[in-house]
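Working notes for the structure below.
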Amino acid sequence: MTAIQISNVEKRYKSLQALGGVSLSIEEGEFFGLLGPNGAGKTTLISIVAGLIRPDGGKVTIHGHDVSGDFRAARKMLGVVPQELVFDPFFTVRETLRLQSGYFGLPNNDAWIDEVMHNLDLTNKADTNMRALSGGMKRRVLVAQALVHKPPVIVLDEPTAGVDVELRQTLWKFISRLNREGHTVVLTTHYLEEAQAMCKRVAMLKSGKVVALDTMAALIRRISGSQLVLHMKQGVLPEALRPLLIHPAEADQPHKYSLRINDYAEVEGILAGLRQAGVLIDEMQLQQADLEDIFLQIMDKGSL
């Protein structure tokens, strides 16, 4: 069954085309990644899925319920963890979660609230006023609020931005458990190592359009299995080797290059070409391609 169906969704803010006909399907039980640079349209798309803004065109359904025409049923299917720290400073953690339960018609939900707080290490903060919590603890409460009505679809919009390692580990352990139990999870993050570890399938947005949509394994296979990372002490990369570049040298490391290789036997020919060009190598590494390499290539070239 399809958990989220997004069909040709468009959104414009005056002269800015935030979304230009986005279409994708997320199946029930998937752990799905929605990736892209700042301004790509991720948060706009999530806001449309959550019913916070209306699209200019297209349609979104959650478990078959239209987010505009059947918004009450659609909203019950969804739990969203927003980027921003939004909270009511006049309630304790437990009161906040009870109030959130009431919004969904769950007045006697204390057993699940206790379980959520336990899994997010919030139990000892249950009677603490929200305004007295640290930023990391407030973000845990946001996660708990999104989960308090046991939604079949969970959307995490930058859930670990600016938080410590402990929260990341606690969050991913709990979310992974919920995913194994059948919950659909949609993640947006700039921590690509998290996306690679958690997501089975990803979509990449650029300028409001989907520029890549595939399983993680298939995307990684599109780049050769390995790359040769060179730190040059002297000289520049010969023109003959530039077609192998995975992405341009970084501004703060102008003498570092990552070259695509299909077989380890190619390394000998690359080194011979560098010697012939008078290049001196300071350091060399062989690495497996990862999601960051894929992301940088797609954002640089628009596709693989």
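Chain labels run A, B, ... following the order of the structure tokens; each chain numbers its residues from 1, and ligands are numbered from 1 in the order shown.
Summary of the local environment: counting only C-alpha atoms, residues at most 10 Å from range 240-245 of chain A, other than itself and those fewer than 2 positions away along its chain, are A:Gln227, A:Leu228, A:Val229, A:Leu237, A:Pro238, A:His247, A:Pro248, A:Ala249, A:Tyr257, A:Ser258, A:Leu259, A:Arg260, A:Ile261, A:Ile270, A:Gly273, A:Leu274, A:Gln297.
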If DSSP is run on the backbone, what residues of range 64-197 of chain A are strand (DSSP E)? A reply as a PyMOL selection string would be ideal.
chain A and resi 65-66+78-81+153-157+184-188
I need the residues from that last selection saved to file as a CSV table (one decimal), in the first residue's frame (with C-alpha atoms), if you can.
chain,number,residue,atom,x,y,z
A,65,HIS,CA,-6.6,10.5,2.2
A,66,ASP,CA,-6.3,13.8,0.3
A,78,LEU,CA,0.9,11.8,10.1
A,79,GLY,CA,3.4,12.8,12.7
A,80,VAL,CA,5.7,15.6,11.8
A,81,VAL,CA,8.9,16.7,13.7
A,153,VAL,CA,3.6,7.9,8.8
A,154,ILE,CA,6.4,9.8,10.6
A,155,VAL,CA,8.1,12.8,8.9
A,156,LEU,CA,11.4,14.0,10.4
A,157,ASP,CA,12.6,17.4,9.1
A,184,THR,CA,6.7,4.7,7.4
A,185,VAL,CA,9.5,7.2,8.0
A,186,VAL,CA,10.4,10.1,5.8
A,187,LEU,CA,13.7,11.9,6.7
A,188,THR,CA,15.2,15.1,5.6
I need the residues of range 85-286 of chain A that end up classed as helix (DSSP H, G or I) by DSSP on the backbone, written out as number ranges by chain.
A: 93-103, 110-119, 123-125, 130-132, 135-147, 165-180, 192-198, 216-222, 239-244, 266-276
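Ranking A:Tyr264, A:Phe104, A:Phe71, A:Phe295 by their shortest atom-to-atom distance to Ala195 in chain A, with only C-alpha atoms included, puts A:Phe295 first.
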Using only C-alpha atoms, which residues sit within 10 Å of range 174-179 of chain A once same-chain residues fewer than 2 positions away are excluded, as an MDAnalysis selection string?
chainID A and resid 28:31 116 119:120 143 147 150 152:154 156 169:172 181:185 198
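Using only C-alpha atoms, the smallest distance between any of A:Leu286, A:Ala111, A:Leu35, A:Val86 and Gly208 in chain A comes from A:Leu35.
For the atom pair formed by CA of Phe32 in chain A and CA of Ala203 in chain A, the distance is 7.9 Å, given to one decimal.
Every protein, DNA or RNA residue with an atom at most 10 Å from Arg139 in chain A, where only C-alpha atoms count and chain neighbours fewer than 5 positions away do not, is listed here: Val81, Pro82, Gln83, Glu84, Leu85, Val86, Phe87, Leu133, Ser134, Ala144, Gln145, Pro159, Thr160, Ala161, Gly162, Val163 and Leu167 of chain A.
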If we count only C-alpha atoms, what is near Glu283 in chain A at a cut-off of 12 Å, once residues fewer than 2 positions away on the same chain are taken out, given as an MDAnalysis selection string?
chainID A and resid 228:234 255:257 279:281 285:286
Export of the given selection (N, CA and C atoms) as a tab-separated table (two decimals), in the first residue's frame:
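Once written, again23.tsv looks like this:
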chain	number	residue	atom	x	y	z
A	228	LEU	N	39.68	7.24	-6.00
A	228	LEU	CA	41.06	7.49	-5.62
A	228	LEU	C	41.16	8.95	-5.20
A	229	VAL	N	41.49	9.16	-3.92
A	229	VAL	CA	41.59	10.52	-3.37
A	229	VAL	C	43.07	10.91	-3.34
A	230	LEU	N	43.38	12.00	-4.03
A	230	LEU	CA	44.76	12.46	-4.18
A	230	LEU	C	44.96	13.81	-3.51
A	231	HIS	N	45.99	13.93	-2.70
A	231	HIS	CA	46.43	15.20	-2.14
A	231	HIS	C	47.77	15.53	-2.81
A	232	MET	N	47.76	16.54	-3.68
A	232	MET	CA	48.95	16.85	-4.47
A	232	MET	C	49.85	17.85	-3.77
A	233	LYS	N	51.13	17.55	-3.79
A	233	LYS	CA	52.12	18.44	-3.19
A	233	LYS	C	52.61	19.46	-4.21
A	234	GLN	N	52.64	19.04	-5.47
A	234	GLN	CA	53.13	19.91	-6.54
A	234	GLN	C	52.45	19.54	-7.85
A	255	HIS	N	44.19	21.34	-3.66
A	255	HIS	CA	45.06	20.31	-4.23
A	255	HIS	C	44.57	18.90	-3.91
A	256	LYS	N	43.31	18.79	-3.49
A	256	LYS	CA	42.71	17.49	-3.21
A	256	LYS	C	41.72	17.15	-4.33
A	257	TYR	N	41.88	15.96	-4.91
A	257	TYR	CA	41.01	15.53	-6.00
A	257	TYR	C	40.50	14.12	-5.73
A	279	VAL	N	53.57	15.74	-11.52
A	279	VAL	CA	52.82	15.92	-10.28
A	279	VAL	C	53.48	15.12	-9.16
A	280	LEU	N	53.66	15.77	-7.99
A	280	LEU	CA	54.14	15.08	-6.80
A	280	LEU	C	52.96	14.87	-5.85
A	281	ILE	N	52.80	13.65	-5.39
A	281	ILE	CA	51.67	13.30	-4.52
A	281	ILE	C	52.11	13.30	-3.07
A	285	GLN	N	44.64	7.93	-1.14
A	285	GLN	CA	43.75	6.99	-0.46
A	285	GLN	C	42.80	6.37	-1.46
A	286	LEU	N	42.48	5.10	-1.25
A	286	LEU	CA	41.43	4.42	-2.00
A	286	LEU	C	40.21	4.33	-1.10
Point-to-point distance in Å for CA of Cys199 in chain A and CA of Thr215 in chain A
8.5 Å
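If you look at CA of Lys206 in chain A and CA of Gly41 in chain A, they are 7.5 Å away from each other.
Using only C-alpha atoms for every distance, the candidate list A:Val267, A:Met299, A:Met117, A:Ile46 yields A:Met117 as the residue closest to Arg98 in chain A.
Nearest residue to Thr43 in chain A among A:Leu271, A:Leu296, A:Leu19, A:Met130 is A:Leu19, counting only C-alpha atoms.
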